[in-house]
>>> print(open('start.cif').read())   # mmCIF, C-alpha atoms
data_protein
loop_
_atom_site.label_atom_id
_atom_site.label_comp_id
_atom_site.auth_asym_id
_atom_site.auth_seq_id
_atom_site.Cartn_x
_atom_site.Cartn_y
_atom_site.Cartn_z
CA MET H 795 169.00 36.58 127.03
CA GLN H 796 171.20 39.63 126.56
CA ILE H 797 170.25 42.66 128.65
CA VAL H 798 170.34 46.15 127.16
CA LYS H 799 172.87 47.93 129.34
CA PRO H 800 172.27 51.69 129.45
CA ASN H 801 175.43 53.77 129.58
CA LEU H 802 173.58 56.58 131.36
CA PHE H 803 171.47 56.54 134.51
CA ILE H 804 169.56 59.30 136.28
CA PRO H 805 169.22 57.81 139.79
CA GLY H 806 167.64 60.83 141.46
CA ALA H 807 166.73 62.73 143.33
CA ALA H 808 162.98 62.19 143.56
CA LYS H 809 160.83 65.34 143.23
CA SER H 810 163.83 67.26 141.92
CA GLY H 811 163.14 67.49 138.18
CA THR H 812 164.15 64.01 137.00
CA THR H 813 161.19 63.82 134.59
CA SER H 814 162.14 67.13 132.95
CA LEU H 815 165.79 66.10 132.73
CA HIS H 816 164.84 62.73 131.21
CA GLU H 817 162.75 64.39 128.51
CA LEU H 818 165.27 67.14 127.77
CA LEU H 819 168.13 64.68 127.33
CA ASP H 820 165.95 62.65 124.95
CA LEU H 821 165.81 65.66 122.61
CA HIS H 822 169.43 65.08 121.57
CA PRO H 823 169.69 63.04 118.35
CA ASP H 824 172.48 60.90 119.82
CA ILE H 825 170.54 59.95 122.97
CA CYS H 826 167.86 57.31 123.44
CA MET H 827 166.15 57.60 126.79
CA SER H 828 163.79 54.82 127.86
CA THR H 829 160.16 55.15 126.76
CA ILE H 830 159.14 54.39 130.36
CA LYS H 831 160.60 56.55 133.09
CA GLU H 832 161.18 54.72 136.37
CA PRO H 833 161.44 51.15 135.00
CA VAL H 834 162.80 50.13 138.44
CA TYR H 835 164.67 47.26 136.80
CA TRP H 836 168.10 46.95 138.39
CA ASN H 837 166.84 46.89 141.98
CA SER H 838 164.09 44.34 141.29
CA ALA H 839 164.52 40.95 142.99
CA ASP H 840 163.55 39.22 139.71
CA TYR H 841 165.46 41.49 137.36
CA ASP H 842 167.23 38.65 135.55
CA LEU H 843 164.16 36.56 134.69
CA PRO H 844 163.78 36.26 130.87
CA LYS H 845 160.33 37.92 130.93
CA ASN H 846 161.68 40.94 132.82
CA VAL H 847 164.78 41.19 130.65
CA ASN H 848 162.59 41.21 127.55
CA GLN H 849 160.29 43.90 128.97
CA TYR H 850 163.29 46.03 129.91
CA ASN H 851 164.89 45.68 126.49
CA ASN H 852 161.67 46.81 124.81
CA ILE H 853 161.69 50.25 126.46
CA PHE H 854 164.76 51.26 124.44
CA LYS H 855 163.80 52.04 120.86
CA ASN H 856 167.25 52.81 119.44
CA ASN H 857 169.99 50.54 120.68
CA ASP H 858 172.41 52.07 118.17
CA ALA H 859 172.32 55.49 119.87
CA LYS H 860 175.61 56.68 121.36
CA ILE H 861 173.90 57.18 124.71
CA ILE H 862 171.18 54.86 126.01
CA GLY H 863 169.69 56.03 129.27
CA GLU H 864 166.98 55.55 131.85
CA SER H 865 165.81 57.29 135.01
CA THR H 866 164.78 55.49 138.20
CA THR H 867 164.97 57.57 141.36
CA SER H 868 164.98 54.60 143.75
CA TYR H 869 168.38 53.54 142.33
CA MET H 870 169.83 56.26 144.54
CA PHE H 871 168.88 54.35 147.68
CA TYR H 872 169.07 50.65 146.83
CA PRO H 873 172.49 49.05 147.47
CA GLU H 874 171.50 46.31 145.00
CA PHE H 875 171.67 48.85 142.19
CA ILE H 876 175.34 49.67 142.71
CA SER H 877 176.36 46.04 143.23
CA ARG H 878 174.47 44.83 140.14
CA ILE H 879 175.94 47.54 137.94
CA LYS H 880 179.43 46.51 139.05
CA GLN H 881 178.50 42.87 138.43
CA HIS H 882 177.15 43.34 134.89
CA TYR H 883 179.32 46.16 133.51
CA ASN H 884 182.92 45.90 132.37
CA LYS H 885 183.02 49.67 131.90
CA ASP H 886 181.14 51.89 134.33
CA PRO H 887 178.17 53.83 132.94
CA LYS H 888 177.71 57.53 133.60
CA PHE H 889 175.39 59.02 136.20
CA ILE H 890 173.64 62.37 136.21
CA PHE H 891 172.04 63.41 139.49
CA ILE H 892 169.66 66.35 139.58
CA LEU H 893 169.30 67.70 143.12
CA ARG H 894 167.01 70.30 144.65
CA ASN H 895 167.27 72.30 147.85
CA PRO H 896 166.55 69.42 150.25
CA ILE H 897 164.08 71.52 152.26
CA ASP H 898 161.97 72.28 149.18
CA ARG H 899 162.32 68.70 147.94
CA CYS H 900 161.10 67.33 151.26
CA TYR H 901 158.07 69.65 151.40
CA SER H 902 157.16 68.93 147.77
CA HIS H 903 157.48 65.18 148.33
CA TYR H 904 155.11 65.37 151.31
CA HIS H 905 152.44 67.21 149.32
CA TRP H 906 152.87 64.83 146.39
CA MET H 907 151.97 61.95 148.71
CA VAL H 908 149.04 63.96 150.10
CA GLY H 909 147.80 64.46 146.55
CA ARG H 910 147.97 60.72 145.92
CA GLY H 911 145.88 60.06 149.00
CA GLN H 912 148.75 58.24 150.71
CA GLU H 913 149.50 60.69 153.52
CA GLU H 914 147.07 61.83 156.22
CA LEU H 915 149.46 63.14 158.88
CA SER H 916 150.41 66.81 159.11
CA PHE H 917 153.78 67.79 157.68
CA LYS H 918 155.42 68.11 161.10
CA GLU H 919 153.93 64.82 162.29
CA SER H 920 155.06 63.02 159.15
CA MET H 921 158.58 64.38 159.54
CA ILE H 922 158.84 63.28 163.18
CA ASN H 923 157.52 59.89 162.15
CA ASP H 924 160.16 59.78 159.42
CA LEU H 925 162.99 60.68 161.80
CA ASN H 926 161.96 57.86 164.12
CA ARG H 927 162.28 55.27 161.33
CA PRO H 928 165.98 54.89 160.42
CA PHE H 929 166.36 54.04 156.73
CA GLU H 930 168.97 51.42 157.51
CA LYS H 931 166.47 49.52 159.67
CA TYR H 932 163.25 49.79 157.67
CA GLY H 933 164.54 50.02 154.09
CA TYR H 934 162.87 51.84 151.21
CA LEU H 935 159.51 53.45 152.04
CA PRO H 936 157.81 55.91 149.66
CA ASN H 937 157.09 58.41 152.46
CA TYR H 938 160.68 58.85 153.61
CA TYR H 939 160.53 62.61 153.12
CA TYR H 940 163.61 63.45 155.17
CA HIS H 941 165.75 60.47 154.21
CA PHE H 942 165.38 60.92 150.44
CA GLY H 943 167.00 64.35 150.79
CA ARG H 944 170.18 63.11 152.46
CA TYR H 945 172.19 63.71 149.30
CA GLY H 946 175.60 63.64 150.91
CA TYR H 947 174.90 60.28 152.52
CA TRP H 948 173.58 58.63 149.34
CA LEU H 949 176.01 60.16 146.85
CA ASN H 950 178.97 59.20 149.00
CA LYS H 951 178.12 55.56 148.26
CA PHE H 952 178.41 56.26 144.52
CA TYR H 953 181.67 58.19 144.85
CA GLN H 954 183.16 55.33 146.87
CA VAL H 955 182.52 52.86 144.04
CA PHE H 956 182.62 54.85 140.78
CA GLU H 957 185.17 57.32 139.43
CA SER H 958 184.20 60.94 140.01
CA ASN H 959 184.45 61.66 136.27
CA ALA H 960 181.53 59.26 135.75
CA ILE H 961 179.25 61.37 137.96
CA LYS H 962 177.64 64.69 137.01
CA ILE H 963 175.70 66.80 139.53
CA ILE H 964 173.24 69.49 138.47
CA THR H 965 170.46 71.19 140.40
CA LEU H 966 166.82 71.90 139.64
CA GLU H 967 167.56 75.55 140.35
CA GLN H 968 170.19 75.58 137.58
CA LEU H 969 167.81 73.84 135.18
CA LYS H 970 165.07 76.40 135.85
CA ASN H 971 167.32 79.46 135.57
CA ASN H 972 169.60 78.38 132.70
CA ARG H 973 167.94 75.44 130.97
CA LEU H 974 169.89 75.32 127.70
CA GLN H 975 173.25 75.97 129.35
CA THR H 976 172.65 73.31 132.01
CA ILE H 977 171.52 70.67 129.51
CA ASN H 978 174.45 71.42 127.23
CA GLU H 979 176.78 70.86 130.19
CA CYS H 980 175.19 67.43 130.50
CA PHE H 981 175.77 66.78 126.78
CA ARG H 982 179.44 67.76 127.13
CA PHE H 983 179.71 65.41 130.11
CA LEU H 984 178.37 62.67 127.82
CA GLU H 985 180.90 63.73 125.12
CA LEU H 986 178.16 64.87 122.76
CA PRO H 987 177.88 68.14 120.82
CA PRO H 988 175.69 70.84 122.39
CA LEU H 989 172.35 71.99 120.97
CA GLU H 990 171.70 75.58 119.90
CA ASN H 991 168.10 75.48 121.12
CA MET H 992 165.54 73.01 122.41
CA SER H 993 161.81 72.55 122.43
CA ALA H 994 159.68 73.32 125.45
CA ILE H 995 158.52 70.39 127.54
CA LYS H 996 155.80 69.99 130.13
CA SER H 997 156.90 69.86 133.75
CA ASN H 998 155.67 67.22 136.20
CA PRO H 999 153.44 69.25 138.58
CA THR H 1000 152.21 68.08 141.96
CA VAL H 1001 148.59 67.05 141.56
CA LYS H 1002 145.74 65.69 143.64
CA LEU H 1003 143.94 62.54 142.52
CA LYS H 1004 140.17 62.99 142.46
CA TYR H 1005 139.53 59.39 143.49
CA PRO H 1006 142.65 58.34 145.43
CA LYS H 1007 141.07 55.57 147.54
CA LEU H 1008 139.40 53.94 144.54
CA TYR H 1009 142.59 54.24 142.48
CA HIS H 1010 144.80 52.59 145.09
CA PHE H 1011 142.21 49.93 145.95
CA ILE H 1012 141.91 48.78 142.33
CA ARG H 1013 145.67 49.03 141.74
CA LYS H 1014 146.50 46.92 144.81
CA THR H 1015 143.71 44.47 144.02
CA ALA H 1016 145.11 43.91 140.53
CA LEU H 1017 148.58 43.36 141.97
CA GLY H 1018 147.30 40.85 144.53
CA LYS H 1019 148.29 42.99 147.50
CA TYR H 1020 145.24 42.04 149.53
CA LYS H 1021 144.70 38.60 151.08
CA PHE H 1022 141.44 38.04 149.25
CA THR H 1023 143.03 38.77 145.87
CA LYS H 1024 146.23 36.73 146.21
CA PRO H 1025 144.61 33.56 144.73
CA ALA H 1026 144.15 35.49 141.48
CA LYS H 1027 147.88 35.19 140.89
CA TYR H 1028 147.45 31.44 140.55
CA PHE H 1029 144.47 31.58 138.17
CA LEU H 1030 145.47 34.47 135.92
CA SER H 1031 148.32 34.28 133.46
CA SER H 1032 151.17 36.76 133.78
CA GLU H 1033 150.07 38.23 130.44
CA LYS H 1034 146.55 38.82 131.78
CA ILE H 1035 147.86 40.44 134.96
CA GLU H 1036 150.14 42.66 132.88
CA ALA H 1037 147.18 43.67 130.70
CA ILE H 1038 145.22 44.65 133.82
CA LYS H 1039 148.15 46.78 135.01
CA VAL H 1040 148.29 48.58 131.66
CA THR H 1041 144.55 49.19 131.71
CA LEU H 1042 144.78 50.70 135.19
CA LYS H 1043 147.75 52.83 134.22
CA ASN H 1044 145.89 54.27 131.24
CA ASP H 1045 142.47 54.68 132.89
CA THR H 1046 141.81 58.40 132.66
CA LEU H 1047 138.95 58.32 135.19
CA LEU H 1048 140.99 56.69 137.95
CA LYS H 1049 144.02 58.90 137.28
CA LYS H 1050 141.99 62.07 136.89
CA SER H 1051 143.60 64.82 138.91
CA VAL H 1052 143.65 68.55 139.56
CA PRO H 1053 146.66 70.80 140.30
CA LEU H 1054 147.47 70.78 144.01
CA GLU H 1055 148.04 74.18 145.57
CA TYR H 1056 149.72 73.99 148.95
CA PRO H 1057 150.79 76.65 151.47
CA LYS H 1058 154.28 78.05 151.73
CA LEU H 1059 156.46 76.36 154.33
CA ASN H 1060 156.53 78.51 157.46
CA GLU H 1061 159.84 79.97 158.63
CA ASN H 1062 160.06 77.97 161.86
CA ASP H 1063 159.68 74.66 160.04
CA ARG H 1064 162.13 75.82 157.39
CA LYS H 1065 164.77 76.61 160.02
CA TRP H 1066 164.11 73.26 161.69
CA LEU H 1067 164.67 71.41 158.41
CA GLN H 1068 167.77 73.51 157.74
CA SER H 1069 169.25 72.27 161.02
CA LEU H 1070 168.39 68.68 160.13
CA TYR H 1071 170.05 68.85 156.71
CA HIS H 1072 173.00 71.11 157.54
CA ASP H 1073 175.64 68.43 158.13
CA ASP H 1074 174.54 66.35 155.17
CA VAL H 1075 174.75 69.34 152.81
CA GLU H 1076 178.24 70.07 154.14
CA GLN H 1077 179.18 66.47 153.31
CA LEU H 1078 177.67 66.91 149.85
CA LYS H 1079 179.78 70.03 149.25
CA THR H 1080 182.91 68.17 150.32
CA ILE H 1081 182.46 65.07 148.14
CA THR H 1082 181.31 66.99 145.04
CA GLY H 1083 183.49 70.10 145.33
CA GLN H 1084 180.42 72.25 144.56
CA SER H 1085 179.10 75.17 146.61
CA PHE H 1086 175.34 74.86 145.95
CA ASN H 1087 175.03 78.61 146.53
CA ALA H 1088 171.59 78.63 144.90
CA TRP H 1089 170.36 76.96 148.08
CA SER H 1090 170.24 80.11 150.21
CA ASP H 1091 169.45 78.08 153.36
CA PHE H 1092 172.89 76.47 153.16
CA LYS H 1093 175.23 79.25 151.99
CA SER H 1094 178.58 79.06 153.75
#
>>> encode(input="start.cif", output="structure tokens")
Amino acid sequence: MQIVKPNLFIPGAAKSGTTSLHELLDLHPDICMSTIKEPVYWNSADYDLPKNVNQYNNIFKNNDAKIIGESTTSYMFYPEFISRIKQHYNKDPKFIFILRNPIDRCYSHYHWMVGRGQEELSFKESMINDLNRPFEKYGYLPNYYYHFGRYGYWLNKFYQVFESNAIKIITLEQLKNNRLQTINECFRFLELPPLENMSAIKSNPTVKLKYPKLYHFIRKTALGKYKFTKPAKYFLSSEKIEAIKVTLKNDTLLKKSVPLEYPKLNENDRKWLQSLYHDDVEQLKTITGQSFNAWSDFKS
């Protein structure tokens, strides 16, 4: 079965405005972004199974569009993504990365996990825990707050494999301050005409689930993550399991949430994080040729 091969990917960074960027790009008449953000297809172990290929193809509603794109933030960290793109593509696709001051990204990521009921440690404790778990040893973990902000480290892997003219870097700060100008720069990068104006979109705020333990228990039960539910995989058809997943995803009670207000990061912790990220940001400046002056913590 033929796979739909997007010619645009937004591989990150997580908690940096990828949802807004995905939706804004989709406003262009020549762009078809996937109906599901974060399909997590190209780094899946079973990505080439016919069922998965078919599901992936179905999230693109206009295969005749000049630009077909999708956004999965974990692509930034999985080596399988880069190797599979090189394996399946004769011509390299384009990549747009949206980055955010790594200190703010890290702090936002932590509180996002708190809101989901998946983090109980304090911020400082979680960071120390993170630093003691090298990414290269433990692989992808959703609470890698520090590691996900090592932009220089991750982007260097892309620049080593793909031509620099296939990679566009923008920042969340640019998108907030000059939305139309920043998006039009992305359109020019994609060799598309700019737009004179664009509709407002909803942002993706950090929220707190009202029933986090119940939500995660039912979700993991349906996926057979617990020992007592694993036999269900052998008695339920894949279609039935998929239907359960969809029901859970759309259940408004389980996903009910409220906006999460969290305190400002104190200056001592901010300076500590600045020291942790300093060398990586310098590497990022070198490989991209950009100054990132909007990140006042890292001005040269």
>>> closest_residue(input="start.cif", among="H:Met827, H:Leu1070, H:Leu984, H:Ala808", to="Pro936 (chain H)", atoms="all atoms listed in the file")
H:Ala808
>>> residues_around(input="start.cif", residues="Glu832 (chain H)", least_positions_apart="5", cutoff="9 Å", atoms="all atoms listed in the file", output="number ranges by chain")
H: 864-868
>>> atom_distance(input="start.cif", atom1="CA of Phe889 (chain H)", atom2="CA of Pro844 (chain H)")
26.1 Å
>>> atom_distance(input="start.cif", atom1="CA of Gln975 (chain H)", atom2="CA of Asn801 (chain H)")
22.3 Å
>>> residues_around(input="start.cif", residues="Lys1058 (chain H)", least_positions_apart="6", cutoff="12 Å", atoms="all atoms listed in the file", output="ChimeraX atom specification")
/H:897-898,901-902,905,917,1064
>>> resolve_selection(input="start.cif", expression="the PyMOL selection byres ((chain H and resi 887) around 10)", output="MDAnalysis selection string")
chainID H and resid 799:803 861:863 879:880 883:886 888:889 956 960:961
>>> closest_residue(input="start.cif", among="H:Pro1057, H:Gly911, H:Gly811, H:Gly946", to="Arg894 (chain H)", atoms="only C-alpha atoms")
H:Gly811
>>> residues_near_point(input="start.cif", point="(166.6, 47.7, 135.7)", cutoff="10 Å", atoms="all atoms listed in the file", output="PyMOL selection string")
chain H and resi 797-800+832-838+840-842+846-847+849-851+864-866+869+875+878-879
>>> residues_around(input="start.cif", residues="region 930-932 of chain H", least_positions_apart="3", cutoff="12 Å", atoms="only C-alpha atoms", output="PyMOL selection string")
chain H and resi 871-873+924-927+935-938+941+947-948
>>> residues_near_point(input="start.cif", point="(173.6, 61.8, 123.9)", cutoff="6 Å", atoms="all atoms listed in the file", output="PyMOL selection string")
chain H and resi 822+824-825+861+986
>>> resolve_selection(input="start.cif", expression="the PyMOL selection byres ((chain H and resi 1068) around 12)", output="PyMOL selection string")
chain H and resi 895-898+900+940+943-944+1061-1067+1069-1076+1089-1093
>>> write_last_selection(input="start.cif", atoms="C-alpha atoms", output="compact mmCIF listing (two decimals), keeping the file's coordinate frame")
# COMPACT_ATOMS: atom_id res chain seq x y z
CA ASN H 895 167.27 72.30 147.85
CA PRO H 896 166.55 69.42 150.25
CA ILE H 897 164.08 71.52 152.26
CA ASP H 898 161.97 72.28 149.18
CA CYS H 900 161.10 67.33 151.26
CA TYR H 940 163.61 63.45 155.17
CA GLY H 943 167.00 64.35 150.79
CA ARG H 944 170.18 63.11 152.46
CA GLU H 1061 159.84 79.97 158.63
CA ASN H 1062 160.06 77.97 161.86
CA ASP H 1063 159.68 74.66 160.04
CA ARG H 1064 162.13 75.82 157.39
CA LYS H 1065 164.77 76.61 160.02
CA TRP H 1066 164.11 73.26 161.69
CA LEU H 1067 164.67 71.41 158.41
CA SER H 1069 169.25 72.27 161.02
CA LEU H 1070 168.39 68.68 160.13
CA TYR H 1071 170.05 68.85 156.71
CA HIS H 1072 173.00 71.11 157.54
CA ASP H 1073 175.64 68.43 158.13
CA ASP H 1074 174.54 66.35 155.17
CA VAL H 1075 174.75 69.34 152.81
CA GLU H 1076 178.24 70.07 154.14
CA TRP H 1089 170.36 76.96 148.08
CA SER H 1090 170.24 80.11 150.21
CA ASP H 1091 169.45 78.08 153.36
CA PHE H 1092 172.89 76.47 153.16
CA LYS H 1093 175.23 79.25 151.99
>>> atom_distance(input="start.cif", atom1="CA of His903 (chain H)", atom2="CA of Tyr939 (chain H)")
6.2 Å
>>> resolve_selection(input="start.cif", expression="the PyMOL selection byres ((chain H and resi 893) around 7)", output="list in words")
Ala807, Ser810, Phe891, Ile892, Arg894, Asn895, Ile964, Thr965 and Leu966 of chain H
>>> write_last_selection(input="start.cif", atoms="C-alpha atoms", output="compact mmCIF listing (two decimals), keeping the file's coordinate frame")
# COMPACT_ATOMS: atom_id res chain seq x y z
CA ALA H 807 166.73 62.73 143.33
CA SER H 810 163.83 67.26 141.92
CA PHE H 891 172.04 63.41 139.49
CA ILE H 892 169.66 66.35 139.58
CA ARG H 894 167.01 70.30 144.65
CA ASN H 895 167.27 72.30 147.85
CA ILE H 964 173.24 69.49 138.47
CA THR H 965 170.46 71.19 140.40
CA LEU H 966 166.82 71.90 139.64
>>> closest_residue(input="start.cif", among="H:Glu967, H:Ser1094, H:Lys809, H:Tyr904", to="Glu919 (chain H)", atoms="only C-alpha atoms")
H:Tyr904
>>> closest_residue(input="start.cif", among="H:Ser920, H:Leu974, H:Gln881, H:Ile963", to="Gln1084 (chain H)", atoms="all atoms listed in the file")
H:Ile963
>>> closest_residue(input="start.cif", among="H:Ile876, H:Leu969, H:Cys826, H:Ala1088", to="Thr812 (chain H)", atoms="all atoms listed in the file")
H:Leu969
>>> axis_aligned_box(input="start.cif", around="region 801-813 of chain H", padding_each_side="8 Å", output="lines of an AutoDock Vina configuration file")
center_x = 168.1
center_y = 60.6
center_z = 136.6
size_x = 30.6
size_y = 29.7
size_z = 30.0
